[in-house]
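Novice: Before I ask anything, let me first share the structure, which is written out below as structure tokens.
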Amino acid sequence: MDSAEIEQCFEVALGLVKEAGQVVREAIKKQKTIETKSCNVDLVTESDKAVEKLLIEGLAKAFPSHKFIGEESTAAGAKCVLTHDPTWIIDPIDGTMNFVHSLPYTCVSVGLWAGKEALVGIIFNPVLDQMFTAKKGQGAYLNGERIRVSGQKDLSQALIFAEMGTSRDPEKVKTVLTNLTTLMPRAHGVRGMGSAALGIASIAAGWGDAYYHLSLHCWDTAAAASLLVVEAGASCVTLQAAHLT
Amino acid sequence: MDSAEIEQCFEVALGLVKEAGQVVREAIKKQKTIETKSCNVDLVTESDKAVEKLLIEGLAKAFPSHKFIGEESTAAGAKCVLTHDPTWIIDPIDGTMNFVHSLPYTCVSVGLWAGKEALVGIIFNPVLDQMFTAKKGQGAYLNGERIRVSGQKDLSQALIFAEMGTSRDPEKVKTVLTNLTTLMPRAHGLRDCGSAAVSMAYIAAGFADILFHYGLGPWDMAAGALLVWEAGGVVYGLEGGPFDLMRRRVLCASSPELAQEVAGLLTQYQPTPDGDLMG
């Protein structure tokens with residue numbers, strides 16, 4: 001895709017994300033219909049599904065040849081395969097647990113990949129009005145202002161974003177707690193706010209220095225980890241462990 | 001104090017908190033001069049001190065007979081005693097660790113107590129523009145809109161604010177981790193935003209259901225406690241007994257049922273003897 005095409009994709013996606021943000025902003029204050037997915041703390045609401053529909057329909061209309069990977073479509077049984085084709089990777093509401101509790105730390109996350117590279121990343125927290133954007137090679141922005149990682153190298157001065165996770169698997173829970181136990185006395189501080197995309201965006205903005213999470217999905221990282229934080233100057237590594245991906 | 005006096009106190013404090021918020025909003029983006037207090041993660045910056053000075057000077061001018069308890073004045077050696085006199089209890093920047101990292105979960109917290117009762121509470125996050133206010137008997141508000149606790153009674157549906165760690169005391173770290181391990185499989189979720197006052201305000205707003213914390217100063221809780229009460233919530237000591245502002249710990253929740261259930265599950269920790277606020 002050339003830069004004019006990337007720009008057009010960005011503009012269309014941005015408009016749809018703002019629309020989706022409006023849906024989230026209104027729905028967060030209201031009663032929600034909540035279902036559970038893989039376990040009793042892995043939640044989905046009617047808003048997650050409505051927002052994903054809004055985004056996919058809008059993007060498919062503008063770009064009929066593009067592919068899609070959406071969190072709720074995948075949960076409903078759609079194939080989750082990334083090819084070289086231009087592919088929109090969507091988390092309609094990241095931090096659904098927070099959204100359910102009306103805690104304003106939740107976002108719409110949209111990434112565009114092609115040739116197995118990240119080209120566009122948009123993360124929007126509509127409740128706090130924080131719009132994070134990135135296009136490949138063009139830097140990372142928050143509400144139009146350039147953002148950069150902190151550059152911190154010293155763990156004892158580092159603020160770490162970690163998550164307790166949405167799993168009841170005893171092995172995973174044990175790993176989460178072991179990692180906290182290891183890091184807590186070594187770091188400046190540890191924070192856990194419940195949205196992977198916003199956590200990584202916070203690193204891109206320099207508000208924290210490291211983020212780690214086991215068992216994320218591609219829609220959690222497609223915009224934030226893959227592009228935003230890299231455009232802000234960070235490095236990303238994949239964690240490998242025996243039982244977890 | 002009658003309601004006209006309380007109203008006047010509120011109005012003066014609100015104006016000064018907005019001024020203080022402006023200082024924080026500008027300073028958060030800049031380089032900070034950081035000192036450490038009780039350990040290498042207990043931080044204070046020139047902004048904490050400047051904001052506390054701004055608030056105390058402004059309030060002392062308007063109310064010459066009032067007393068003050070400020071976090072940075074106490075750290076500098078001022079006595080920290082709560083009497084029946086009208087007393088302003090001030091945390092100039094709560095969440096200083098966040099402020100130092102430019103993470104926008106930080107606030108100015110001002111509470112007015114008299115007769116050992118909370119009368120006025122103001123918590124202002126100037127970066128996210130969230131102004132939480134309460135006057136005794138008049139409800140709790142966020143940016144002028146009435147807020148209420150969630151009313152949640154069921155721990156399995158509860159979102160908990162629990163400290164995830166800024167401490168170098170091995171005993172405290174052990175207690176924190178034990179409590180996280182106990183609660184994690186039982187609750188809906190666990191969060192830590194790094195500011196006790198912001199977290200208490202969020203309980204009042206219904207964004208989460210319970211918060212517990214050891215090792216706080218009265219300045220962290222003086223405004224937040226009133227917000228939670230006025231939002232219909234409960235505020236206790238950590239064993240589920242009565243709340244004592246000077247005892248360095250708090251458990252606040254959306255319902256007494258939830259509070260008692262969590263109090264029963266917690267491993268307790270005594271940071272320093274009661275009344276010793278230097279640790």
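Simple scheme: letters A, B, ... for chains in structure tokens order, numbers from 1 for residues in each chain, numbers from 1 for ligands in the order shown.
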If we count only C-alpha atoms and set the cut-off at 12 Å, which residues sit around Glu261 in chain B, ignoring sequence neighbours fewer than 2 positions away in its own chain? Please answer as JSON, numbers by chain.
Specialist: {"B": [153, 154, 155, 156, 158, 183, 186, 187, 210, 238, 239, 240, 251, 253, 255, 256, 257, 258, 259, 263, 264, 265, 266]}
Novice: Could you write out the selected residues, including N, CA, C and O atoms, as an mmCIF file, in the first residue's frame?
Specialist:
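And here is the file that came out, again39.cif:
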data_model
loop_
_atom_site.group_PDB
_atom_site.id
_atom_site.type_symbol
_atom_site.label_atom_id
_atom_site.label_comp_id
_atom_site.auth_asym_id
_atom_site.auth_seq_id
_atom_site.Cartn_x
_atom_site.Cartn_y
_atom_site.Cartn_z
ATOM 1 N N LYS B 153 -22.930 -5.882 46.506
ATOM 2 C CA LYS B 153 -22.790 -6.643 47.756
ATOM 3 C C LYS B 153 -22.017 -7.937 47.547
ATOM 4 O O LYS B 153 -21.599 -8.582 48.497
ATOM 5 N N ASP B 154 -21.890 -8.345 46.296
ATOM 6 C CA ASP B 154 -21.358 -9.674 45.971
ATOM 7 C C ASP B 154 -19.883 -9.560 45.566
ATOM 8 O O ASP B 154 -19.563 -8.936 44.554
ATOM 9 N N LEU B 155 -19.003 -10.158 46.338
ATOM 10 C CA LEU B 155 -17.562 -10.056 46.057
ATOM 11 C C LEU B 155 -17.210 -10.585 44.669
ATOM 12 O O LEU B 155 -16.352 -10.028 43.996
ATOM 13 N N SER B 156 -17.889 -11.615 44.215
ATOM 14 C CA SER B 156 -17.552 -12.195 42.908
ATOM 15 C C SER B 156 -17.880 -11.229 41.763
ATOM 16 O O SER B 156 -17.393 -11.397 40.651
ATOM 17 N N ALA B 158 -17.433 -7.859 42.279
ATOM 18 C CA ALA B 158 -16.851 -6.604 42.738
ATOM 19 C C ALA B 158 -15.492 -6.329 42.110
ATOM 20 O O ALA B 158 -14.653 -7.228 41.967
ATOM 21 N N LEU B 183 -7.605 -12.517 47.255
ATOM 22 C CA LEU B 183 -8.761 -11.878 46.626
ATOM 23 C C LEU B 183 -8.903 -12.188 45.147
ATOM 24 O O LEU B 183 -10.017 -12.219 44.622
ATOM 25 N N ARG B 186 -11.455 -14.562 43.926
ATOM 26 C CA ARG B 186 -12.795 -14.363 44.495
ATOM 27 C C ARG B 186 -13.527 -13.138 43.931
ATOM 28 O O ARG B 186 -14.741 -13.044 44.037
ATOM 29 N N ALA B 187 -12.749 -12.183 43.377
ATOM 30 C CA ALA B 187 -13.339 -10.911 42.956
ATOM 31 C C ALA B 187 -13.526 -10.880 41.438
ATOM 32 O O ALA B 187 -12.971 -11.698 40.720
ATOM 33 N N ILE B 210 -14.767 -1.549 46.034
ATOM 34 C CA ILE B 210 -14.124 -1.605 47.342
ATOM 35 C C ILE B 210 -12.662 -1.204 47.223
ATOM 36 O O ILE B 210 -12.018 -1.474 46.205
ATOM 37 N N LEU B 238 -9.587 -1.350 58.858
ATOM 38 C CA LEU B 238 -9.348 -2.536 58.031
ATOM 39 C C LEU B 238 -9.886 -3.848 58.593
ATOM 40 O O LEU B 238 -10.042 -4.820 57.865
ATOM 41 N N GLU B 239 -10.153 -3.887 59.898
ATOM 42 C CA GLU B 239 -10.736 -5.108 60.453
ATOM 43 C C GLU B 239 -12.248 -5.076 60.363
ATOM 44 O O GLU B 239 -12.925 -5.963 60.864
ATOM 45 N N GLY B 240 -12.775 -4.011 59.737
ATOM 46 C CA GLY B 240 -14.219 -3.887 59.634
ATOM 47 C C GLY B 240 -14.848 -3.086 60.762
ATOM 48 O O GLY B 240 -16.066 -2.953 60.842
ATOM 49 N N LEU B 251 -10.753 0.955 54.766
ATOM 50 C CA LEU B 251 -11.456 0.034 53.898
ATOM 51 C C LEU B 251 -12.771 0.733 53.562
ATOM 52 O O LEU B 251 -13.564 1.020 54.452
ATOM 53 N N ALA B 253 -16.212 0.944 50.859
ATOM 54 C CA ALA B 253 -16.915 0.012 49.976
ATOM 55 C C ALA B 253 -18.307 0.515 49.629
ATOM 56 O O ALA B 253 -18.850 1.423 50.260
ATOM 57 N N SER B 255 -20.968 -1.263 49.977
ATOM 58 C CA SER B 255 -21.990 -1.792 50.877
ATOM 59 C C SER B 255 -21.316 -2.356 52.121
ATOM 60 O O SER B 255 -20.160 -2.800 52.065
ATOM 61 N N PRO B 256 -22.044 -2.373 53.251
ATOM 62 C CA PRO B 256 -21.456 -2.967 54.464
ATOM 63 C C PRO B 256 -21.184 -4.474 54.289
ATOM 64 O O PRO B 256 -20.207 -4.998 54.830
ATOM 65 N N GLU B 257 -22.035 -5.147 53.514
ATOM 66 C CA GLU B 257 -21.859 -6.599 53.325
ATOM 67 C C GLU B 257 -20.515 -6.889 52.657
ATOM 68 O O GLU B 257 -19.757 -7.772 53.067
ATOM 69 N N LEU B 258 -20.236 -6.132 51.594
ATOM 70 C CA LEU B 258 -18.987 -6.335 50.864
ATOM 71 C C LEU B 258 -17.788 -6.010 51.749
ATOM 72 O O LEU B 258 -16.793 -6.735 51.775
ATOM 73 N N ALA B 259 -17.907 -4.909 52.499
ATOM 74 C CA ALA B 259 -16.809 -4.488 53.375
ATOM 75 C C ALA B 259 -16.496 -5.563 54.408
ATOM 76 O O ALA B 259 -15.329 -5.909 54.634
ATOM 77 N N ALA B 263 -13.053 -7.593 54.757
ATOM 78 C CA ALA B 263 -12.323 -7.429 56.026
ATOM 79 C C ALA B 263 -11.987 -8.785 56.625
ATOM 80 O O ALA B 263 -10.901 -8.997 57.164
ATOM 81 N N GLY B 264 -12.911 -9.721 56.499
ATOM 82 C CA GLY B 264 -12.697 -11.062 57.034
ATOM 83 C C GLY B 264 -11.631 -11.858 56.296
ATOM 84 O O GLY B 264 -11.059 -12.806 56.839
ATOM 85 N N LEU B 265 -11.347 -11.468 55.063
ATOM 86 C CA LEU B 265 -10.373 -12.211 54.247
ATOM 87 C C LEU B 265 -8.963 -11.637 54.336
ATOM 88 O O LEU B 265 -7.989 -12.300 53.981
ATOM 89 N N LEU B 266 -8.845 -10.391 54.799
ATOM 90 C CA LEU B 266 -7.552 -9.713 54.719
ATOM 91 C C LEU B 266 -6.584 -10.158 55.806
ATOM 92 O O LEU B 266 -6.980 -10.393 56.946
#
Novice: Residues of range 9-255 of chain B classed as alpha helix (DSSP H) by DSSP on the backbone are to be reported as an mmCIF file with N, CA and C atoms, in the first residue's frame.
Specialist:
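Result saved to selection.cif:
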data_model
loop_
_atom_site.group_PDB
_atom_site.id
_atom_site.type_symbol
_atom_site.label_atom_id
_atom_site.label_comp_id
_atom_site.auth_asym_id
_atom_site.auth_seq_id
_atom_site.Cartn_x
_atom_site.Cartn_y
_atom_site.Cartn_z
ATOM 1 N N CYS B 9 -16.447 28.101 53.555
ATOM 2 C CA CYS B 9 -15.204 27.308 53.551
ATOM 3 C C CYS B 9 -15.069 26.565 52.226
ATOM 4 N N PHE B 10 -16.166 25.964 51.786
ATOM 5 C CA PHE B 10 -16.143 25.194 50.538
ATOM 6 C C PHE B 10 -15.748 26.081 49.361
ATOM 7 N N GLU B 11 -16.369 27.245 49.272
ATOM 8 C CA GLU B 11 -16.124 28.122 48.121
ATOM 9 C C GLU B 11 -14.672 28.595 48.066
ATOM 10 N N VAL B 12 -14.146 28.965 49.235
ATOM 11 C CA VAL B 12 -12.746 29.431 49.278
ATOM 12 C C VAL B 12 -11.810 28.279 48.894
ATOM 13 N N ALA B 13 -12.063 27.108 49.478
ATOM 14 C CA ALA B 13 -11.203 25.944 49.188
ATOM 15 C C ALA B 13 -11.275 25.579 47.714
ATOM 16 N N LEU B 14 -12.469 25.604 47.137
ATOM 17 C CA LEU B 14 -12.637 25.225 45.732
ATOM 18 C C LEU B 14 -11.795 26.109 44.824
ATOM 19 N N GLY B 15 -11.838 27.414 45.090
ATOM 20 C CA GLY B 15 -11.050 28.347 44.289
ATOM 21 C C GLY B 15 -9.554 28.060 44.387
ATOM 22 N N LEU B 16 -9.100 27.782 45.609
ATOM 23 C CA LEU B 16 -7.675 27.509 45.801
ATOM 24 C C LEU B 16 -7.274 26.176 45.180
ATOM 25 N N VAL B 17 -8.149 25.177 45.254
ATOM 26 C CA VAL B 17 -7.854 23.869 44.654
ATOM 27 C C VAL B 17 -7.740 24.000 43.135
ATOM 28 N N LYS B 18 -8.584 24.837 42.541
ATOM 29 C CA LYS B 18 -8.489 25.045 41.081
ATOM 30 C C LYS B 18 -7.152 25.691 40.718
ATOM 31 N N GLU B 19 -6.734 26.674 41.537
ATOM 32 C CA GLU B 19 -5.411 27.301 41.320
ATOM 33 C C GLU B 19 -4.306 26.262 41.442
ATOM 34 N N ALA B 20 -4.399 25.457 42.485
ATOM 35 C CA ALA B 20 -3.397 24.411 42.722
ATOM 36 C C ALA B 20 -3.386 23.429 41.558
ATOM 37 N N GLY B 21 -4.557 23.116 41.055
ATOM 38 C CA GLY B 21 -4.682 22.199 39.926
ATOM 39 C C GLY B 21 -3.959 22.709 38.696
ATOM 40 N N GLN B 22 -4.001 24.011 38.502
ATOM 41 C CA GLN B 22 -3.317 24.627 37.370
ATOM 42 C C GLN B 22 -1.797 24.413 37.489
ATOM 43 N N VAL B 23 -1.293 24.559 38.714
ATOM 44 C CA VAL B 23 0.137 24.321 38.963
ATOM 45 C C VAL B 23 0.497 22.875 38.599
ATOM 46 N N VAL B 24 -0.327 21.944 39.030
ATOM 47 C CA VAL B 24 -0.070 20.518 38.774
ATOM 48 C C VAL B 24 -0.146 20.221 37.282
ATOM 49 N N ARG B 25 -1.158 20.784 36.633
ATOM 50 C CA ARG B 25 -1.382 20.511 35.204
ATOM 51 C C ARG B 25 -0.174 20.950 34.372
ATOM 52 N N GLU B 26 0.424 22.063 34.749
ATOM 53 C CA GLU B 26 1.600 22.530 33.999
ATOM 54 C C GLU B 26 2.857 21.759 34.388
ATOM 55 N N ALA B 27 2.986 21.478 35.688
ATOM 56 C CA ALA B 27 4.225 20.852 36.155
ATOM 57 C C ALA B 27 4.349 19.391 35.743
ATOM 58 N N GLU B 46 9.239 19.500 44.127
ATOM 59 C CA GLU B 46 9.056 20.923 44.459
ATOM 60 C C GLU B 46 7.600 21.327 44.264
ATOM 61 N N SER B 47 6.883 20.616 43.389
ATOM 62 C CA SER B 47 5.469 20.954 43.155
ATOM 63 C C SER B 47 4.596 20.594 44.352
ATOM 64 N N ASP B 48 4.861 19.424 44.984
ATOM 65 C CA ASP B 48 4.116 19.068 46.199
ATOM 66 C C ASP B 48 4.221 20.213 47.209
ATOM 67 N N LYS B 49 5.451 20.688 47.408
ATOM 68 C CA LYS B 49 5.687 21.713 48.436
ATOM 69 C C LYS B 49 5.032 23.041 48.039
ATOM 70 N N ALA B 50 5.146 23.398 46.753
ATOM 71 C CA ALA B 50 4.577 24.668 46.285
ATOM 72 C C ALA B 50 3.052 24.657 46.398
ATOM 73 N N VAL B 51 2.446 23.546 46.055
ATOM 74 C CA VAL B 51 0.987 23.446 46.108
ATOM 75 C C VAL B 51 0.501 23.490 47.556
ATOM 76 N N GLU B 52 1.206 22.799 48.437
ATOM 77 C CA GLU B 52 0.784 22.829 49.847
ATOM 78 C C GLU B 52 0.879 24.241 50.409
ATOM 79 N N LYS B 53 1.924 24.941 50.050
ATOM 80 C CA LYS B 53 2.124 26.334 50.507
ATOM 81 C C LYS B 53 0.978 27.214 49.991
ATOM 82 N N LEU B 54 0.648 27.078 48.721
ATOM 83 C CA LEU B 54 -0.430 27.859 48.097
ATOM 84 C C LEU B 54 -1.743 27.644 48.844
ATOM 85 N N LEU B 55 -2.042 26.380 49.149
ATOM 86 C CA LEU B 55 -3.319 26.056 49.795
ATOM 87 C C LEU B 55 -3.348 26.557 51.232
ATOM 88 N N ILE B 56 -2.294 26.277 51.999
ATOM 89 C CA ILE B 56 -2.294 26.665 53.411
ATOM 90 C C ILE B 56 -2.312 28.180 53.551
ATOM 91 N N GLU B 57 -1.519 28.872 52.747
ATOM 92 C CA GLU B 57 -1.494 30.341 52.847
ATOM 93 C C GLU B 57 -2.847 30.936 52.507
ATOM 94 N N GLY B 58 -3.471 30.418 51.450
ATOM 95 C CA GLY B 58 -4.774 30.943 51.045
ATOM 96 C C GLY B 58 -5.854 30.675 52.083
ATOM 97 N N LEU B 59 -5.869 29.475 52.640
ATOM 98 C CA LEU B 59 -6.882 29.120 53.631
ATOM 99 C C LEU B 59 -6.634 29.832 54.953
ATOM 100 N N ALA B 60 -5.377 29.968 55.351
ATOM 101 C CA ALA B 60 -5.039 30.644 56.614
ATOM 102 C C ALA B 60 -5.429 32.114 56.559
ATOM 103 N N LYS B 61 -5.290 32.702 55.374
ATOM 104 C CA LYS B 61 -5.653 34.111 55.203
ATOM 105 C C LYS B 61 -7.167 34.285 55.370
ATOM 106 N N ALA B 62 -7.949 33.364 54.787
ATOM 107 C CA ALA B 62 -9.405 33.467 54.857
ATOM 108 C C ALA B 62 -9.947 33.051 56.215
ATOM 109 N N GLU B 71 0.533 17.092 54.295
ATOM 110 C CA GLU B 71 1.500 15.990 54.175
ATOM 111 C C GLU B 71 2.940 16.486 54.245
ATOM 112 N N GLU B 72 3.238 17.549 53.507
ATOM 113 C CA GLU B 72 4.643 17.972 53.432
ATOM 114 C C GLU B 72 5.067 18.733 54.682
ATOM 115 N N SER B 73 4.143 19.453 55.312
ATOM 116 C CA SER B 73 4.459 20.115 56.584
ATOM 117 C C SER B 73 4.769 19.069 57.646
ATOM 118 N N THR B 74 3.993 17.979 57.646
ATOM 119 C CA THR B 74 4.220 16.909 58.608
ATOM 120 C C THR B 74 5.563 16.249 58.354
ATOM 121 N N ALA B 75 5.876 16.002 57.096
ATOM 122 C CA ALA B 75 7.171 15.407 56.755
ATOM 123 C C ALA B 75 8.305 16.299 57.211
ATOM 124 N N THR B 96 2.121 10.956 44.013
ATOM 125 C CA THR B 96 3.331 11.646 43.557
ATOM 126 C C THR B 96 4.157 10.763 42.627
ATOM 127 N N MET B 97 4.158 9.445 42.877
ATOM 128 C CA MET B 97 4.887 8.537 41.969
ATOM 129 C C MET B 97 4.343 8.687 40.545
ATOM 130 N N ASN B 98 3.001 8.733 40.430
ATOM 131 C CA ASN B 98 2.392 8.910 39.106
ATOM 132 C C ASN B 98 2.762 10.263 38.519
ATOM 133 N N PHE B 99 2.707 11.300 39.349
ATOM 134 C CA PHE B 99 3.038 12.660 38.913
ATOM 135 C C PHE B 99 4.460 12.701 38.361
ATOM 136 N N VAL B 100 5.367 12.065 39.075
ATOM 137 C CA VAL B 100 6.773 12.027 38.643
ATOM 138 C C VAL B 100 6.905 11.365 37.268
ATOM 139 N N PRO B 170 9.632 -5.259 53.727
ATOM 140 C CA PRO B 170 9.344 -6.636 53.313
ATOM 141 C C PRO B 170 8.054 -7.188 53.923
ATOM 142 N N GLU B 171 7.781 -6.770 55.165
ATOM 143 C CA GLU B 171 6.560 -7.231 55.837
ATOM 144 C C GLU B 171 5.326 -6.721 55.105
ATOM 145 N N LYS B 172 5.391 -5.457 54.696
ATOM 146 C CA LYS B 172 4.256 -4.872 53.992
ATOM 147 C C LYS B 172 4.071 -5.521 52.625
ATOM 148 N N VAL B 173 5.177 -5.696 51.889
ATOM 149 C CA VAL B 173 5.098 -6.314 50.564
ATOM 150 C C VAL B 173 4.488 -7.702 50.682
ATOM 151 N N LYS B 174 4.896 -8.437 51.710
ATOM 152 C CA LYS B 174 4.354 -9.792 51.921
ATOM 153 C C LYS B 174 2.853 -9.733 52.171
ATOM 154 N N THR B 175 2.417 -8.775 52.982
ATOM 155 C CA THR B 175 0.988 -8.638 53.270
ATOM 156 C C THR B 175 0.219 -8.274 52.007
ATOM 157 N N VAL B 176 0.758 -7.333 51.248
ATOM 158 C CA VAL B 176 0.104 -6.916 50.006
ATOM 159 C C VAL B 176 -0.089 -8.115 49.079
ATOM 160 N N LEU B 177 0.964 -8.910 48.898
ATOM 161 C CA LEU B 177 0.889 -10.057 47.987
ATOM 162 C C LEU B 177 -0.048 -11.132 48.518
ATOM 163 N N THR B 178 -0.042 -11.359 49.836
ATOM 164 C CA THR B 178 -0.952 -12.344 50.415
ATOM 165 C C THR B 178 -2.397 -11.942 50.138
ATOM 166 N N ASN B 179 -2.697 -10.668 50.346
ATOM 167 C CA ASN B 179 -4.070 -10.204 50.121
ATOM 168 C C ASN B 179 -4.470 -10.288 48.652
ATOM 169 N N LEU B 180 -3.546 -9.955 47.738
ATOM 170 C CA LEU B 180 -3.840 -10.086 46.307
ATOM 171 C C LEU B 180 -4.132 -11.550 45.967
ATOM 172 N N THR B 181 -3.335 -12.451 46.515
ATOM 173 C CA THR B 181 -3.510 -13.886 46.248
ATOM 174 C C THR B 181 -4.857 -14.379 46.761
ATOM 175 N N THR B 182 -5.271 -13.889 47.935
ATOM 176 C CA THR B 182 -6.548 -14.295 48.509
ATOM 177 C C THR B 182 -7.712 -13.782 47.669
ATOM 178 N N LEU B 183 -7.605 -12.517 47.255
ATOM 179 C CA LEU B 183 -8.761 -11.878 46.626
ATOM 180 C C LEU B 183 -8.903 -12.188 45.147
ATOM 181 N N ALA B 196 -4.427 6.851 46.298
ATOM 182 C CA ALA B 196 -5.482 6.429 47.216
ATOM 183 C C ALA B 196 -6.682 7.369 47.136
ATOM 184 N N ALA B 197 -6.419 8.674 47.067
ATOM 185 C CA ALA B 197 -7.515 9.645 47.035
ATOM 186 C C ALA B 197 -8.338 9.482 45.750
ATOM 187 N N VAL B 198 -7.669 9.353 44.609
ATOM 188 C CA VAL B 198 -8.382 9.127 43.349
ATOM 189 C C VAL B 198 -9.201 7.839 43.448
ATOM 190 N N SER B 199 -8.602 6.791 44.019
ATOM 191 C CA SER B 199 -9.303 5.505 44.137
ATOM 192 C C SER B 199 -10.538 5.628 45.022
ATOM 193 N N MET B 200 -10.429 6.373 46.133
ATOM 194 C CA MET B 200 -11.596 6.556 47.008
ATOM 195 C C MET B 200 -12.689 7.332 46.268
ATOM 196 N N ALA B 201 -12.281 8.335 45.501
ATOM 197 C CA ALA B 201 -13.256 9.093 44.708
ATOM 198 C C ALA B 201 -13.945 8.178 43.695
ATOM 199 N N TYR B 202 -13.193 7.245 43.134
ATOM 200 C CA TYR B 202 -13.772 6.320 42.153
ATOM 201 C C TYR B 202 -14.770 5.363 42.810
ATOM 202 N N ILE B 203 -14.521 4.978 44.078
ATOM 203 C CA ILE B 203 -15.503 4.167 44.805
ATOM 204 C C ILE B 203 -16.790 4.978 44.946
ATOM 205 N N ALA B 204 -16.634 6.256 45.340
ATOM 206 C CA ALA B 204 -17.796 7.132 45.498
ATOM 207 C C ALA B 204 -18.569 7.269 44.192
ATOM 208 N N PRO B 218 -3.504 10.785 57.083
ATOM 209 C CA PRO B 218 -4.868 11.332 57.147
ATOM 210 C C PRO B 218 -5.187 12.193 55.937
ATOM 211 N N TRP B 219 -4.148 12.815 55.341
ATOM 212 C CA TRP B 219 -4.342 13.659 54.161
ATOM 213 C C TRP B 219 -4.803 12.881 52.947
ATOM 214 N N ASP B 220 -4.516 11.565 52.911
ATOM 215 C CA ASP B 220 -4.949 10.731 51.783
ATOM 216 C C ASP B 220 -6.437 10.423 51.859
ATOM 217 N N MET B 221 -6.994 10.459 53.087
ATOM 218 C CA MET B 221 -8.339 9.921 53.314
ATOM 219 C C MET B 221 -9.374 10.976 53.719
ATOM 220 N N ALA B 222 -8.907 12.165 54.148
ATOM 221 C CA ALA B 222 -9.811 13.138 54.762
ATOM 222 C C ALA B 222 -10.948 13.558 53.833
ATOM 223 N N ALA B 223 -10.630 13.781 52.560
ATOM 224 C CA ALA B 223 -11.662 14.171 51.588
ATOM 225 C C ALA B 223 -12.380 12.939 51.047
ATOM 226 N N GLY B 224 -11.606 11.890 50.731
ATOM 227 C CA GLY B 224 -12.178 10.681 50.143
ATOM 228 C C GLY B 224 -13.235 10.037 51.029
ATOM 229 N N ALA B 225 -12.989 10.027 52.347
ATOM 230 C CA ALA B 225 -13.954 9.415 53.268
ATOM 231 C C ALA B 225 -15.311 10.119 53.162
ATOM 232 N N LEU B 226 -15.299 11.465 53.149
ATOM 233 C CA LEU B 226 -16.566 12.199 53.046
ATOM 234 C C LEU B 226 -17.249 11.906 51.710
ATOM 235 N N LEU B 227 -16.472 11.860 50.635
ATOM 236 C CA LEU B 227 -17.045 11.553 49.319
ATOM 237 C C LEU B 227 -17.774 10.208 49.352
ATOM 238 N N VAL B 228 -17.116 9.193 49.918
ATOM 239 C CA VAL B 228 -17.721 7.852 49.938
ATOM 240 C C VAL B 228 -18.982 7.853 50.813
ATOM 241 N N TRP B 229 -18.912 8.488 51.988
ATOM 242 C CA TRP B 229 -20.115 8.542 52.846
ATOM 243 C C TRP B 229 -21.261 9.236 52.133
ATOM 244 N N GLU B 230 -20.959 10.385 51.544
ATOM 245 C CA GLU B 230 -22.004 11.164 50.892
ATOM 246 C C GLU B 230 -22.526 10.495 49.623
#
Novice: Tell me which protein, DNA and RNA residues are within 9 Å of Arg186 in chain A, counting only C-alpha atoms, leaving out same-chain ones fewer than 5 positions away, and put them as a PyMOL selection string.
Specialist: (chain A and resi 155-158) or (chain B and resi 168)
Novice: Could you dump the residues just selected with all heavy atoms as a short mmCIF file (atom, residue, chain, number, x, y, z; two decimals), in the first residue's frame?
Specialist:
data_model
loop_
_atom_site.label_atom_id
_atom_site.label_comp_id
_atom_site.auth_asym_id
_atom_site.auth_seq_id
_atom_site.Cartn_x
_atom_site.Cartn_y
_atom_site.Cartn_z
N LEU A 155 15.53 -0.31 36.12
CA LEU A 155 14.32 -0.91 36.66
C LEU A 155 13.89 -0.26 37.97
O LEU A 155 12.70 -0.09 38.23
CB LEU A 155 14.54 -2.43 36.86
CG LEU A 155 13.38 -3.23 37.48
CD1 LEU A 155 12.09 -3.09 36.69
CD2 LEU A 155 13.77 -4.70 37.61
N SER A 156 14.86 0.13 38.79
CA SER A 156 14.51 0.71 40.09
C SER A 156 13.82 2.06 39.94
O SER A 156 13.20 2.55 40.87
CB SER A 156 15.75 0.86 40.97
OG SER A 156 16.57 1.91 40.49
N GLN A 157 13.92 2.67 38.76
CA GLN A 157 13.25 3.95 38.49
C GLN A 157 12.07 3.77 37.55
O GLN A 157 11.50 4.76 37.06
CB GLN A 157 14.24 4.94 37.85
CG GLN A 157 15.43 5.27 38.72
CD GLN A 157 15.00 5.87 40.05
OE1 GLN A 157 14.30 6.88 40.09
NE2 GLN A 157 15.39 5.23 41.14
N ALA A 158 11.71 2.51 37.28
CA ALA A 158 10.69 2.23 36.26
C ALA A 158 9.32 1.97 36.88
O ALA A 158 9.20 1.26 37.87
CB ALA A 158 11.11 1.03 35.42
N ARG B 168 9.12 -0.58 50.32
CA ARG B 168 10.37 -1.34 50.51
C ARG B 168 10.35 -2.11 51.82
O ARG B 168 11.33 -2.70 52.20
CB ARG B 168 11.58 -0.40 50.48
CG ARG B 168 11.80 0.25 49.12
CD ARG B 168 12.15 -0.79 48.07
NE ARG B 168 12.46 -0.19 46.79
CZ ARG B 168 11.76 -0.41 45.67
NH1 ARG B 168 10.70 -1.18 45.69
NH2 ARG B 168 12.12 0.14 44.54
#
Novice: Show me, as a list in words, the residues of chain B whose atoms get within 7 Å of chain A, using only C-alpha atoms for the distance check.
Specialist: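 Result: Val41, His101, Ser102, Leu103, Leu128, Met164, Gly165, Thr166, Arg168, Leu177, Thr181, Pro185, His188, Leu190, Arg191, Asp192, Cys193, Gly194, Phe207 and Ala208 of chain B.
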Novice: Rank A:Val127, A:Cys9, A:Leu82, A:Ala27 by their smallest atom-to-atom distance to Lys61 in chain A, using only C-alpha atoms, and report the top residue only.
Specialist: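 Of all the options, A:Cys9 lies closest to Lys61 in chain A.
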Novice: Have a look at CA of His217 in chain A and CA of Asp91 in chain A and let me know their distance in Å, one decimal.
Specialist: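 According to the coordinates, CA of His217 in chain A and CA of Asp91 in chain A are separated by 9.5 Å.
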